[in-house]
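The structure appears below as structure tokens.
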Amino acid sequence: MSANHSDPSEPRRLTDQEIIQVHDHAGEETVDDGGSYKLLPLVMLAALSSLIFFGGTYIGLYAGHFAPTVHDERGTASAVVITKVDPAVIGKKKYELLCTTCHGPAGMGTPGLFPPLAKSEWVVATDEKLIRILLNGLAGPVTVDGKEFGAAAGAVAMPAIGPGGAGWNDSDIAAVATYIRQAFGNTAPEISTEKVTEIRTKVGTRGAWSSAELQALK
Amino acid sequence: MSSPSQAIVSESDKTARVPLVLLLVSAFGWLIVSTVLSLIGTIQLHTPTFLASCVAFTHGRVDAMQESAFIYGWAGNAAFAVSLWLLSVLGGTPLRGLGLLTTGAAFWNLGVTAGVVSIAAGEATSIPFLQMPGYIQPLLFVAAGAITTPAVLAWTGRSSDSTYASQWYAVAAIFLFPWLFSAAQVMLLAAPVHGITHAIVANWFGQNVITLWLLPVAVAAAYYLVPKLTGRAAAHYEFAKLGFWSLIVFGAWTGGRHLIGGPAPVWVSTVAVVALYLLLFHYLVVAINLPAGLFAWNGSATLRFVAFGLTAYLVNGLADVITSTHAVSQLLHFTYFSVAQSKLLLGGAFSFLIFAAVYEMGPRISGAKWPAPGLIGTHFVVAASGTLVTVLGLAFAGWSQGHAQAETANNFAAVAAAAKPGLLIATAGEAILLGAAIIAFFHLVRLQLESFSTASSSRETPAPSAP
Amino acid sequence: MKNGPIFFLSLLAALTFSWVGLALASHRQLDSLVPYYDPAEAKAFPEPMPGIAARGQLVYQDLGCASCHTQQVRRADMGNDIDRKWGTRQSWARDYIYQNRVQLGLVRVGPDLANVGARLKSATEVYQLLYKGTATMPAFAFLFSDSPLGAQTGAIAVGQSEGHQVVPTRRAMELAAYLLSLNSPHAYGPEAAHNAVKPAEAPKSAEEPKK
């Protein structure tokens, strides 16, 4: 090919057939050499098996359980996913969605028409009655904090937000109840979803309550 | 034709001349194109205003064109030619299906040309290693299939049952590519997957284009040339089979290596890191098999290409493992250092082993001597210095860039200033590489002209190859 | 290697095995990632990309912006991405479920853009950056066009020259909408729990005391 092929210092080239022939039986006689094993095959075996051992261990430790959500090799898919959300946060969103129209963003209501929620005995003193009002609504006049509401012309009844009304589920009703008990300066304990479910089951389907009906409950 | 040396330049060398020369000349032409684009791209890295007003040469498009021209133009054509030729000479059988091969080669180059032009026109897919638009990809796939068929026929129709390592690597490369290519075209373009899956599949494809297609051809060339040129059998050849399968089996899993610390689930990159470690066994086998007598500097210039290419190949294998570690990755990931690494692997290891193979096969398929043998040595010196300067310049730039970025107080102007000296060095290296590419191209073209004039004149045919 | 068919089958098996393990497995797995519904916000995250932003992503693709910009924030002990205010947390796979062709990128010549929508104030700011360029980014003048002063273009002018104003083209507007849409700060429940690592384990602080 090139000029230096005629150079006598050039090593002898193998033909293509020779290349195949000299390699064809390589290794077949090297396994056992006079009873003593050759060192290199053992070294290679050790190299390959230690690499595989290392790789296996590494995958076991750092593959994040092969989970799609693990992005840190020290993370673990078995960690408990905590999706607990403060009911007051959801309650506030729910309140702003529906309740502010009448009761106002600060829970102060409108004199004579819509009762306030701040310092209202209906909100803080009793959970049984509050949940009933939320579930089924409240019609007719009502006395809150010593003042009369709902008797004047133009007054609107409190609509149901449970079954037959806005249709909220129990956890949303519990959340908004908890919110109004803990906002606007109120400091009553929270209301659980279980409690709402319990009362919903007890009451069944019915229309709005009146103030007298609720007062009659113990 | 009575010289004994004629025996090795038998049918198998000459019959496939037209398609092989077509592949080789296009390959070297594409090498010039991709080096010019690479030079433009590197200049833009330190001087962003360079050609900035021209939309076809905005940096992103230059990058995409350069990559396509290099991978599919230079590397693809050259890998096809070298693996076909190796399978034919080692199988002791002339290539069959030459019409199919020539057609395939022509359409492959037509497709790459159309692809590069359409990237300039704004049709790039933005998928690494698959930048050419979706409407061109099926053409490339069919062309690749047409080129693969003669290779598989050369393997199955070989004259002896015994085979040699070069044949395994060559046939594996040329056989696996169409499968890989079609899987990627379907999952990335025709019926694309979404979100991070798309990135994972793209990385699987991009890495395997290198690991399962281009590198095996380079290794095949090394396994052929070392015994051929040194006259000595590969040392401890009994491990070669294990080395081959470790590349194919472990190499296929290295796809997630660029996703370290990224938004893919962590198992993807963990598996890739482990695969990189396991690949060390492949490099160990190659290192034991081949270097015997390689570094005798009085050897032929061709042997020097092999020595350089093999060294780059082994160094890169080690560098892959090192840069995948947590401490190094957080500093050098996303820097020019990764660009330097791919230059070392593709421009150093792959290209040099292919150059060596071409210097061996060129005269044998053309039936003429290299017109200027001294130019082979010149090409080596220019290409080796160009590659070293580029790789070291980019590595230095990446190192400075990584350190500058690690200081949160540095804004990007400061980071760019830190990387600039290295980028200027790399620009000089790219310019040298352009010289090397031009030398190689014209030498190859002159060889073809020489052989035509030799054939047409009544002069005695020179012995194209020595025993 | 004497047996042809078995050799080819083994080769194909090796490739198929990696395809099943990487491509198919991640496809199946990541398809299970649905938007995460946050009851506190009463919304699901991430939010879908507006149509004009999806068009802008095509502009981002054809200009090859990913050559110089990544879109992936690394966690606190992998580089200083979070210190650089590129995001409040690592980018997770769920952030990208609405993207057809993710633009993760490989080299950071410029800053990461995964949450760039949170840093850019308005489309005007994007136009200024694109029209004028910066020390490290070229100007993309071809994304803007000249129109006579006073012409009703419905676009914000970025510059003026005698009798003419420079206005963004449709492509520039789409690109700006895309960039402004890039923001996914939400901490999804499962990812937040699965990637919480005790701070003591984070290897840091070797360099700190020196300063």
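Every chain in the structure tokens has a letter given in the order shown (A, B, ...), and although residue numbers restart at 1 in each chain, ligands are simply numbered from 1 in the order shown.
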With only C-alpha atoms as the counted atoms, please give the residues lying no more than 12 Å from Gln215 of chain A, apart from itself and same-chain residues fewer than 3 positions off, as a short mmCIF file (atom, residue, chain, number, x, y, z; two decimals) with all heavy atoms, in the first residue's frame.
```cif
data_model
loop_
_atom_site.label_atom_id
_atom_site.label_comp_id
_atom_site.auth_asym_id
_atom_site.auth_seq_id
_atom_site.Cartn_x
_atom_site.Cartn_y
_atom_site.Cartn_z
N GLU A 121 -73.59 32.34 69.04
CA GLU A 121 -73.70 31.13 69.88
C GLU A 121 -74.06 29.91 69.04
O GLU A 121 -73.75 28.78 69.39
CB GLU A 121 -74.73 31.35 71.00
CG GLU A 121 -76.18 31.52 70.54
CD GLU A 121 -76.54 32.97 70.22
OE1 GLU A 121 -75.61 33.75 69.89
OE2 GLU A 121 -77.73 33.33 70.28
N TRP A 122 -74.73 30.12 67.90
CA TRP A 122 -75.08 29.01 67.00
C TRP A 122 -73.83 28.36 66.41
O TRP A 122 -73.86 27.20 66.03
CB TRP A 122 -75.96 29.51 65.86
CG TRP A 122 -77.31 29.99 66.30
CD1 TRP A 122 -77.63 31.27 66.66
CD2 TRP A 122 -78.48 29.21 66.45
NE1 TRP A 122 -78.94 31.36 67.02
CE2 TRP A 122 -79.49 30.09 66.90
CE3 TRP A 122 -78.79 27.86 66.25
CZ2 TRP A 122 -80.79 29.67 67.16
CZ3 TRP A 122 -80.10 27.44 66.50
CH2 TRP A 122 -81.08 28.34 66.96
N THR A 126 -72.54 25.09 69.95
CA THR A 126 -73.09 23.76 69.68
C THR A 126 -72.64 23.22 68.34
O THR A 126 -72.71 23.91 67.32
CB THR A 126 -74.64 23.83 69.70
OG1 THR A 126 -75.13 22.71 68.98
CG2 THR A 126 -75.15 25.10 69.05
N GLU A 128 -73.93 20.15 67.22
CA GLU A 128 -75.11 19.44 66.70
C GLU A 128 -75.97 20.37 65.84
O GLU A 128 -76.36 20.01 64.72
CB GLU A 128 -75.97 18.94 67.86
CG GLU A 128 -75.28 17.90 68.73
CD GLU A 128 -75.62 16.48 68.31
OE1 GLU A 128 -76.68 16.30 67.68
OE2 GLU A 128 -74.81 15.56 68.56
N LYS A 129 -76.27 21.56 66.38
CA LYS A 129 -77.17 22.48 65.67
C LYS A 129 -76.48 23.09 64.45
O LYS A 129 -77.09 23.21 63.38
CB LYS A 129 -77.64 23.58 66.63
CG LYS A 129 -78.56 23.03 67.71
CD LYS A 129 -78.86 24.07 68.78
CE LYS A 129 -79.51 23.38 69.98
NZ LYS A 129 -79.54 24.27 71.17
N LEU A 130 -75.22 23.44 64.62
CA LEU A 130 -74.48 24.05 63.50
C LEU A 130 -74.46 23.11 62.28
O LEU A 130 -74.74 23.52 61.15
CB LEU A 130 -73.05 24.37 63.93
CG LEU A 130 -72.11 24.84 62.83
CD1 LEU A 130 -72.62 26.14 62.20
CD2 LEU A 130 -70.70 25.05 63.37
N ARG A 132 -76.51 20.74 61.57
CA ARG A 132 -77.87 20.62 61.01
C ARG A 132 -78.19 21.81 60.10
O ARG A 132 -78.75 21.67 59.01
CB ARG A 132 -78.90 20.52 62.12
CG ARG A 132 -78.99 19.11 62.71
CD ARG A 132 -80.03 19.07 63.82
NE ARG A 132 -80.36 17.71 64.21
CZ ARG A 132 -79.60 16.96 65.01
NH1 ARG A 132 -78.46 17.42 65.46
NH2 ARG A 132 -79.98 15.72 65.33
N ILE A 133 -77.83 23.02 60.58
CA ILE A 133 -78.10 24.22 59.76
C ILE A 133 -77.38 24.12 58.42
O ILE A 133 -77.94 24.36 57.35
CB ILE A 133 -77.68 25.50 60.49
CG1 ILE A 133 -78.52 25.68 61.77
CG2 ILE A 133 -77.80 26.72 59.58
CD1 ILE A 133 -78.07 26.82 62.64
N VAL A 142 -84.53 34.28 63.45
CA VAL A 142 -83.58 33.67 64.36
C VAL A 142 -82.92 34.76 65.21
O VAL A 142 -82.72 35.87 64.73
CB VAL A 142 -82.53 32.83 63.58
CG1 VAL A 142 -81.74 33.72 62.66
CG2 VAL A 142 -81.63 32.08 64.53
N THR A 143 -82.64 34.44 66.46
CA THR A 143 -81.99 35.41 67.34
C THR A 143 -80.53 35.01 67.51
O THR A 143 -80.23 33.87 67.86
CB THR A 143 -82.67 35.41 68.72
OG1 THR A 143 -84.06 35.54 68.53
CG2 THR A 143 -82.13 36.54 69.58
N TRP A 209 -84.50 23.76 58.61
CA TRP A 209 -84.91 23.80 60.01
C TRP A 209 -85.48 25.18 60.31
O TRP A 209 -85.20 26.15 59.61
CB TRP A 209 -83.73 23.55 60.93
CG TRP A 209 -83.06 22.22 60.73
CD1 TRP A 209 -82.09 21.93 59.85
CD2 TRP A 209 -83.35 21.03 61.43
NE1 TRP A 209 -81.71 20.62 59.94
CE2 TRP A 209 -82.48 20.02 60.92
CE3 TRP A 209 -84.27 20.66 62.43
CZ2 TRP A 209 -82.48 18.71 61.37
CZ3 TRP A 209 -84.26 19.37 62.89
CH2 TRP A 209 -83.38 18.39 62.37
N SER A 210 -86.30 25.23 61.41
CA SER A 210 -86.65 26.55 61.93
C SER A 210 -85.93 26.71 63.26
O SER A 210 -85.48 25.73 63.86
CB SER A 210 -88.17 26.65 62.14
OG SER A 210 -88.53 25.87 63.25
N SER A 211 -85.86 27.97 63.69
CA SER A 211 -85.13 28.25 64.92
C SER A 211 -85.72 27.46 66.08
O SER A 211 -85.01 26.90 66.91
CB SER A 211 -85.19 29.76 65.19
OG SER A 211 -84.61 30.06 66.43
N ALA A 212 -87.08 27.41 66.13
CA ALA A 212 -87.74 26.75 67.24
C ALA A 212 -87.41 25.25 67.26
O ALA A 212 -87.14 24.66 68.31
CB ALA A 212 -89.25 26.95 67.12
N LYS A 218 -81.94 18.99 72.40
CA LYS A 218 -81.26 19.23 73.67
C LYS A 218 -79.84 19.75 73.43
O LYS A 218 -79.25 19.53 72.40
CB LYS A 218 -81.21 17.96 74.51
CG LYS A 218 -80.56 16.78 73.78
CD LYS A 218 -80.34 15.66 74.74
CE LYS A 218 -79.91 14.39 74.08
NZ LYS A 218 -79.07 14.39 72.98
#
```
>> For segment 93-98 of chain C, find every residue with an atom within 9 Å (counting only C-alpha atoms), except residues of its own chain fewer than 3 positions away, and show them as number ranges by chain.
In response: A: 68-69, 71; B: 194-197, 262-265; C: 30-31, 33-36, 45-49, 102, 183-186, 188, 191
Take the residues from that selection and put them in a file with N, CA, C and O atoms, as an mmCIF file, in the first residue's frame.
```cif
data_model
loop_
_atom_site.group_PDB
_atom_site.id
_atom_site.type_symbol
_atom_site.label_atom_id
_atom_site.label_comp_id
_atom_site.auth_asym_id
_atom_site.auth_seq_id
_atom_site.Cartn_x
_atom_site.Cartn_y
_atom_site.Cartn_z
ATOM 1 N N PRO A 68 -41.205 5.484 39.789
ATOM 2 C CA PRO A 68 -41.146 6.660 38.904
ATOM 3 C C PRO A 68 -41.039 7.972 39.666
ATOM 4 O O PRO A 68 -40.736 9.000 39.080
ATOM 5 N N THR A 69 -41.331 7.951 40.960
ATOM 6 C CA THR A 69 -41.344 9.214 41.698
ATOM 7 C C THR A 69 -40.063 9.447 42.487
ATOM 8 O O THR A 69 -39.927 10.480 43.119
ATOM 9 N N HIS A 71 -36.332 10.464 42.624
ATOM 10 C CA HIS A 71 -35.342 11.140 41.785
ATOM 11 C C HIS A 71 -34.031 11.350 42.514
ATOM 12 O O HIS A 71 -33.109 11.956 41.985
ATOM 13 N N HIS B 194 -44.437 10.464 25.256
ATOM 14 C CA HIS B 194 -44.492 11.833 25.778
ATOM 15 C C HIS B 194 -43.604 12.009 26.990
ATOM 16 O O HIS B 194 -43.165 11.050 27.601
ATOM 17 N N GLY B 195 -43.424 13.258 27.344
ATOM 18 C CA GLY B 195 -42.772 13.606 28.600
ATOM 19 C C GLY B 195 -41.366 13.048 28.708
ATOM 20 O O GLY B 195 -40.637 12.949 27.722
ATOM 21 N N ILE B 196 -41.012 12.656 29.918
ATOM 22 C CA ILE B 196 -39.648 12.206 30.178
ATOM 23 C C ILE B 196 -39.358 10.891 29.461
ATOM 24 O O ILE B 196 -38.217 10.612 29.105
ATOM 25 N N THR B 197 -40.388 10.084 29.191
ATOM 26 C CA THR B 197 -40.162 8.849 28.436
ATOM 27 C C THR B 197 -39.472 9.167 27.108
ATOM 28 O O THR B 197 -38.598 8.435 26.663
ATOM 29 N N GLY B 262 -31.009 14.341 36.668
ATOM 30 C CA GLY B 262 -32.069 14.978 35.903
ATOM 31 C C GLY B 262 -33.444 14.490 36.313
ATOM 32 O O GLY B 262 -33.591 13.779 37.309
ATOM 33 N N PRO B 263 -34.459 14.854 35.533
ATOM 34 C CA PRO B 263 -35.825 14.558 35.937
ATOM 35 C C PRO B 263 -36.312 13.152 35.614
ATOM 36 O O PRO B 263 -37.473 12.854 35.847
ATOM 37 N N ALA B 264 -35.453 12.283 35.097
ATOM 38 C CA ALA B 264 -35.872 10.888 34.913
ATOM 39 C C ALA B 264 -35.824 10.205 36.272
ATOM 40 O O ALA B 264 -35.041 10.601 37.125
ATOM 41 N N PRO B 265 -36.650 9.172 36.485
ATOM 42 C CA PRO B 265 -36.551 8.434 37.743
ATOM 43 C C PRO B 265 -35.114 7.979 37.953
ATOM 44 O O PRO B 265 -34.415 7.663 36.989
ATOM 45 N N LEU C 30 -43.922 5.735 33.469
ATOM 46 C CA LEU C 30 -44.159 7.178 33.505
ATOM 47 C C LEU C 30 -45.554 7.527 32.995
ATOM 48 O O LEU C 30 -46.065 8.602 33.278
ATOM 49 N N ASP C 31 -46.168 6.595 32.254
ATOM 50 C CA ASP C 31 -47.547 6.825 31.859
ATOM 51 C C ASP C 31 -48.475 6.836 33.069
ATOM 52 O O ASP C 31 -49.583 7.342 33.017
ATOM 53 N N LEU C 33 -47.936 8.407 35.685
ATOM 54 C CA LEU C 33 -47.893 9.716 36.342
ATOM 55 C C LEU C 33 -49.023 10.574 35.792
ATOM 56 O O LEU C 33 -49.029 10.935 34.628
ATOM 57 N N VAL C 34 -49.982 10.894 36.646
ATOM 58 C CA VAL C 34 -51.095 11.737 36.222
ATOM 59 C C VAL C 34 -50.926 13.065 36.947
ATOM 60 O O VAL C 34 -50.153 13.163 37.883
ATOM 61 N N PRO C 35 -51.639 14.100 36.499
ATOM 62 C CA PRO C 35 -51.552 15.354 37.240
ATOM 63 C C PRO C 35 -51.903 15.113 38.707
ATOM 64 O O PRO C 35 -52.792 14.314 39.021
ATOM 65 N N TYR C 36 -51.184 15.788 39.581
ATOM 66 C CA TYR C 36 -51.393 15.586 41.008
ATOM 67 C C TYR C 36 -52.420 16.584 41.515
ATOM 68 O O TYR C 36 -52.238 17.804 41.417
ATOM 69 N N PHE C 45 -51.885 19.669 39.342
ATOM 70 C CA PHE C 45 -50.614 20.166 38.829
ATOM 71 C C PHE C 45 -49.849 19.033 38.173
ATOM 72 O O PHE C 45 -49.985 17.892 38.595
ATOM 73 N N PRO C 46 -49.015 19.300 37.161
ATOM 74 C CA PRO C 46 -48.792 20.585 36.508
ATOM 75 C C PRO C 46 -49.996 20.998 35.689
ATOM 76 O O PRO C 46 -50.862 20.180 35.402
ATOM 77 N N GLU C 47 -50.035 22.257 35.316
ATOM 78 C CA GLU C 47 -51.159 22.726 34.516
ATOM 79 C C GLU C 47 -50.828 22.596 33.028
ATOM 80 O O GLU C 47 -49.674 22.748 32.642
ATOM 81 N N PRO C 48 -51.812 22.287 32.199
ATOM 82 C CA PRO C 48 -51.535 22.118 30.767
ATOM 83 C C PRO C 48 -50.995 23.405 30.148
ATOM 84 O O PRO C 48 -51.249 24.496 30.638
ATOM 85 N N MET C 49 -50.226 23.199 29.075
ATOM 86 C CA MET C 49 -49.615 24.332 28.395
ATOM 87 C C MET C 49 -50.650 25.009 27.498
ATOM 88 O O MET C 49 -51.376 24.330 26.775
ATOM 89 N N VAL C 102 -39.685 16.825 25.208
ATOM 90 C CA VAL C 102 -39.013 17.566 26.273
ATOM 91 C C VAL C 102 -37.678 18.105 25.758
ATOM 92 O O VAL C 102 -37.046 17.513 24.893
ATOM 93 N N ASN C 183 -42.936 26.968 34.101
ATOM 94 C CA ASN C 183 -42.841 27.151 35.541
ATOM 95 C C ASN C 183 -43.572 25.999 36.209
ATOM 96 O O ASN C 183 -44.755 25.804 35.969
ATOM 97 N N SER C 184 -42.887 25.219 36.996
ATOM 98 C CA SER C 184 -43.585 24.161 37.731
ATOM 99 C C SER C 184 -43.033 24.090 39.143
ATOM 100 O O SER C 184 -42.179 23.271 39.438
ATOM 101 N N PRO C 185 -43.517 24.976 40.006
ATOM 102 C CA PRO C 185 -42.989 25.027 41.367
ATOM 103 C C PRO C 185 -43.670 24.058 42.322
ATOM 104 O O PRO C 185 -43.209 23.879 43.436
ATOM 105 N N HIS C 186 -44.778 23.449 41.894
ATOM 106 C CA HIS C 186 -45.589 22.711 42.853
ATOM 107 C C HIS C 186 -44.890 21.462 43.378
ATOM 108 O O HIS C 186 -44.311 20.709 42.616
ATOM 109 N N TYR C 188 -45.438 18.060 44.403
ATOM 110 C CA TYR C 188 -46.421 16.982 44.406
ATOM 111 C C TYR C 188 -46.182 16.075 45.609
ATOM 112 O O TYR C 188 -45.037 15.768 45.950
ATOM 113 N N GLU C 191 -43.741 12.743 45.216
ATOM 114 C CA GLU C 191 -42.343 13.098 44.977
ATOM 115 C C GLU C 191 -41.742 13.759 46.207
ATOM 116 O O GLU C 191 -40.607 13.479 46.584
#
```
Closest contacts (chain A/chain C, max 12 Å, only C-alpha atoms) as JSON lines:
```
{"residue": "A:Asp24", "atom": "CA", "partner": "C:Met1", "partner_atom": "CA", "distance": 10.7}
{"residue": "A:Gly64", "atom": "CA", "partner": "C:His194", "partner_atom": "CA", "distance": 8.8}
{"residue": "A:His65", "atom": "CA", "partner": "C:His194", "partner_atom": "CA", "distance": 10.4}
{"residue": "A:Phe66", "atom": "CA", "partner": "C:Gln29", "partner_atom": "CA", "distance": 9.3}
{"residue": "A:Ala67", "atom": "CA", "partner": "C:Gln29", "partner_atom": "CA", "distance": 8.0}
{"residue": "A:Pro68", "atom": "CA", "partner": "C:Leu30", "partner_atom": "CA", "distance": 6.2}
{"residue": "A:Thr69", "atom": "CA", "partner": "C:Glu191", "partner_atom": "CA", "distance": 5.2}
{"residue": "A:Val70", "atom": "CA", "partner": "C:His194", "partner_atom": "CA", "distance": 5.6}
{"residue": "A:His71", "atom": "CA", "partner": "C:Asn195", "partner_atom": "CA", "distance": 6.3}
{"residue": "A:Asp72", "atom": "CA", "partner": "C:Asn195", "partner_atom": "CA", "distance": 5.6}
{"residue": "A:Glu73", "atom": "CA", "partner": "C:Asn195", "partner_atom": "CA", "distance": 8.4}
{"residue": "A:Arg74", "atom": "CA", "partner": "C:Val197", "partner_atom": "CA", "distance": 6.8}
{"residue": "A:Gly75", "atom": "CA", "partner": "C:Asn195", "partner_atom": "CA", "distance": 4.6}
{"residue": "A:Thr76", "atom": "CA", "partner": "C:His194", "partner_atom": "CA", "distance": 5.3}
{"residue": "A:Ala77", "atom": "CA", "partner": "C:His194", "partner_atom": "CA", "distance": 5.3}
{"residue": "A:Ser78", "atom": "CA", "partner": "C:His194", "partner_atom": "CA", "distance": 7.4}
{"residue": "A:Ala79", "atom": "CA", "partner": "C:His194", "partner_atom": "CA", "distance": 5.7}
{"residue": "A:Val80", "atom": "CA", "partner": "C:Ala193", "partner_atom": "CA", "distance": 6.6}
{"residue": "A:Val81", "atom": "CA", "partner": "C:Ala193", "partner_atom": "CA", "distance": 5.4}
{"residue": "A:Ile82", "atom": "CA", "partner": "C:Gly189", "partner_atom": "CA", "distance": 6.8}
{"residue": "A:Thr83", "atom": "CA", "partner": "C:Gly189", "partner_atom": "CA", "distance": 6.0}
{"residue": "A:Lys84", "atom": "CA", "partner": "C:Pro39", "partner_atom": "CA", "distance": 9.2}
{"residue": "A:Val85", "atom": "CA", "partner": "C:Ala40", "partner_atom": "CA", "distance": 6.3}
{"residue": "A:Asp86", "atom": "CA", "partner": "C:Ala40", "partner_atom": "CA", "distance": 7.9}
{"residue": "A:Pro87", "atom": "CA", "partner": "C:Ala40", "partner_atom": "CA", "distance": 8.6}
{"residue": "A:Ala88", "atom": "CA", "partner": "C:Ala40", "partner_atom": "CA", "distance": 9.7}
{"residue": "A:Val89", "atom": "CA", "partner": "C:Ala40", "partner_atom": "CA", "distance": 6.4}
{"residue": "A:Ile90", "atom": "CA", "partner": "C:Ala40", "partner_atom": "CA", "distance": 5.7}
{"residue": "A:Gly91", "atom": "CA", "partner": "C:Ala40", "partner_atom": "CA", "distance": 9.5}
{"residue": "A:Lys92", "atom": "CA", "partner": "C:Ala40", "partner_atom": "CA", "distance": 9.9}
{"residue": "A:Lys93", "atom": "CA", "partner": "C:Ala40", "partner_atom": "CA", "distance": 8.4}
{"residue": "A:Lys94", "atom": "CA", "partner": "C:Ala42", "partner_atom": "CA", "distance": 10.0}
{"residue": "A:Leu97", "atom": "CA", "partner": "C:Ala42", "partner_atom": "CA", "distance": 11.8}
{"residue": "A:Ser171", "atom": "CA", "partner": "C:Pro39", "partner_atom": "CA", "distance": 11.5}
{"residue": "A:Asp172", "atom": "CA", "partner": "C:Pro39", "partner_atom": "CA", "distance": 10.7}
{"residue": "A:Ala175", "atom": "CA", "partner": "C:Ala40", "partner_atom": "CA", "distance": 11.3}
```
> So which residues touch Leu14 of chain A within 8 Å, counting only C-alpha atoms, skipping near sequence neighbours fewer than 3 positions away, as number ranges by chain?
Replying inline: A: 18-19; B: 227-229, 231-232, 467
>> Distance cut-off 7 Å, counting only C-alpha atoms - which residues of chain B neighbour chain A? Return them as a PyMOL selection string.
In response: chain B and resi 8+89-90+162-164+227-231+233+237-238+263-267+270-271+274+277-278+281+299-300+363+369-370+373+464-467
> With only C-alpha atoms as the atoms that count, which of B:Gly347, B:Gly261, B:Gly206, B:Pro94 lies nearest to chain C?
Replying inline: B:Gly261
>> Tell me as an MDAnalysis selection string which residues belonging to chain C come within 8 Å of chain B, counting only C-alpha atoms.
In response: chainID C and resid 1:2 4 8 11:12 14:15 18:19 22:23 26:27 30 61:68 70 72:75 78:80 83:84 90:93 96:104 106:111 135:142
> Which parts of segment 186-345 of chain B does DSSP call helix (DSSP H, G or I) when run on the backbone here, written out as JSON, numbers by chain?
Replying inline: {"B": [186, 187, 188, 189, 190, 195, 196, 197, 198, 199, 200, 201, 202, 203, 204, 205, 206, 207, 208, 209, 210, 211, 212, 213, 214, 215, 216, 217, 218, 219, 220, 221, 222, 223, 224, 225, 226, 227, 228, 229, 230, 237, 238, 239, 240, 241, 242, 243, 244, 245, 246, 247, 248, 249, 250, 251, 254, 255, 256, 257, 258, 259, 266, 267, 268, 269, 270, 271, 272, 273, 274, 275, 276, 277, 278, 279, 280, 281, 282, 283, 284, 285, 286, 287, 288, 289, 301, 302, 303, 304, 305, 306, 307, 308, 309, 310, 311, 312, 313, 314, 315, 316, 317, 318, 319, 320, 321, 322, 323, 326, 327, 328, 329, 330, 331, 332, 336, 337, 338, 339, 340, 341, 342, 343, 344, 345]}
> Where in segment 42-214 of chain A does DSSP assign strand (DSSP E), given as a list of chain:residue names?
Replying inline: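 Across segment 42-214 of chain A, those assigned strand (DSSP E) are A:Leu138, A:Ala139, A:Val142, A:Thr143, A:Val144, A:Lys147, A:Glu148, A:Phe149, A:Trp209, A:Ser210.
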For the selection just defined, write its residues with N, CA, C and O atoms to a file, as a compact mmCIF listing (two decimals), in the first residue's frame.
```
# COMPACT_ATOMS: atom_id res chain seq x y z
N LEU A 138 -81.72 26.91 57.13
CA LEU A 138 -82.47 27.47 58.26
C LEU A 138 -83.42 28.52 57.72
O LEU A 138 -83.00 29.43 57.02
N ALA A 139 -84.73 28.37 58.03
CA ALA A 139 -85.70 29.33 57.52
C ALA A 139 -86.38 30.04 58.70
O ALA A 139 -86.43 29.50 59.81
N VAL A 142 -84.53 34.28 63.45
CA VAL A 142 -83.58 33.67 64.36
C VAL A 142 -82.92 34.76 65.21
O VAL A 142 -82.72 35.87 64.73
N THR A 143 -82.64 34.44 66.46
CA THR A 143 -81.99 35.41 67.34
C THR A 143 -80.53 35.01 67.51
O THR A 143 -80.23 33.87 67.86
N VAL A 144 -79.63 35.97 67.18
CA VAL A 144 -78.20 35.71 67.32
C VAL A 144 -77.59 36.82 68.14
O VAL A 144 -77.73 38.00 67.79
N LYS A 147 -79.74 39.71 68.99
CA LYS A 147 -80.38 40.53 67.96
C LYS A 147 -81.24 39.64 67.07
O LYS A 147 -80.93 38.47 66.88
N GLU A 148 -82.30 40.26 66.52
CA GLU A 148 -83.25 39.52 65.69
C GLU A 148 -82.82 39.59 64.23
O GLU A 148 -82.46 40.65 63.72
N PHE A 149 -82.89 38.47 63.53
CA PHE A 149 -82.55 38.45 62.10
C PHE A 149 -83.61 37.69 61.32
O PHE A 149 -84.28 36.82 61.88
N TRP A 209 -84.50 23.76 58.61
CA TRP A 209 -84.91 23.80 60.01
C TRP A 209 -85.48 25.18 60.31
O TRP A 209 -85.20 26.15 59.61
N SER A 210 -86.30 25.23 61.41
CA SER A 210 -86.65 26.55 61.93
C SER A 210 -85.93 26.71 63.26
O SER A 210 -85.48 25.73 63.86
```
>> Applying 12 Å and only C-alpha atoms, which residues near Thr201 of chain A remain after dropping the ones on its own chain fewer than 6 positions away? List them as a PyMOL selection string.
In response: chain A and resi 131-132+135+162-163+170+194-195
Please write the residues from the selection above to a file, keeping C-alpha atoms, as a PDB file, in the first residue's frame.
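Now in part-v7.pdb:
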```pdb
ATOM      1  CA  ILE A 131     -74.096  20.887  61.436  1.00  0.00           C
ATOM      2  CA  ARG A 132     -77.869  20.623  61.006  1.00  0.00           C
ATOM      3  CA  LEU A 135     -76.786  20.323  56.056  1.00  0.00           C
ATOM      4  CA  GLY A 162     -75.760  19.407  52.130  1.00  0.00           C
ATOM      5  CA  PRO A 163     -78.156  17.009  50.338  1.00  0.00           C
ATOM      6  CA  ASP A 170     -69.216  15.653  54.620  1.00  0.00           C
ATOM      7  CA  GLU A 194     -67.300  11.595  61.149  1.00  0.00           C
ATOM      8  CA  LYS A 195     -69.526  13.852  63.239  1.00  0.00           C
TER       9      LYS A 195
END
```
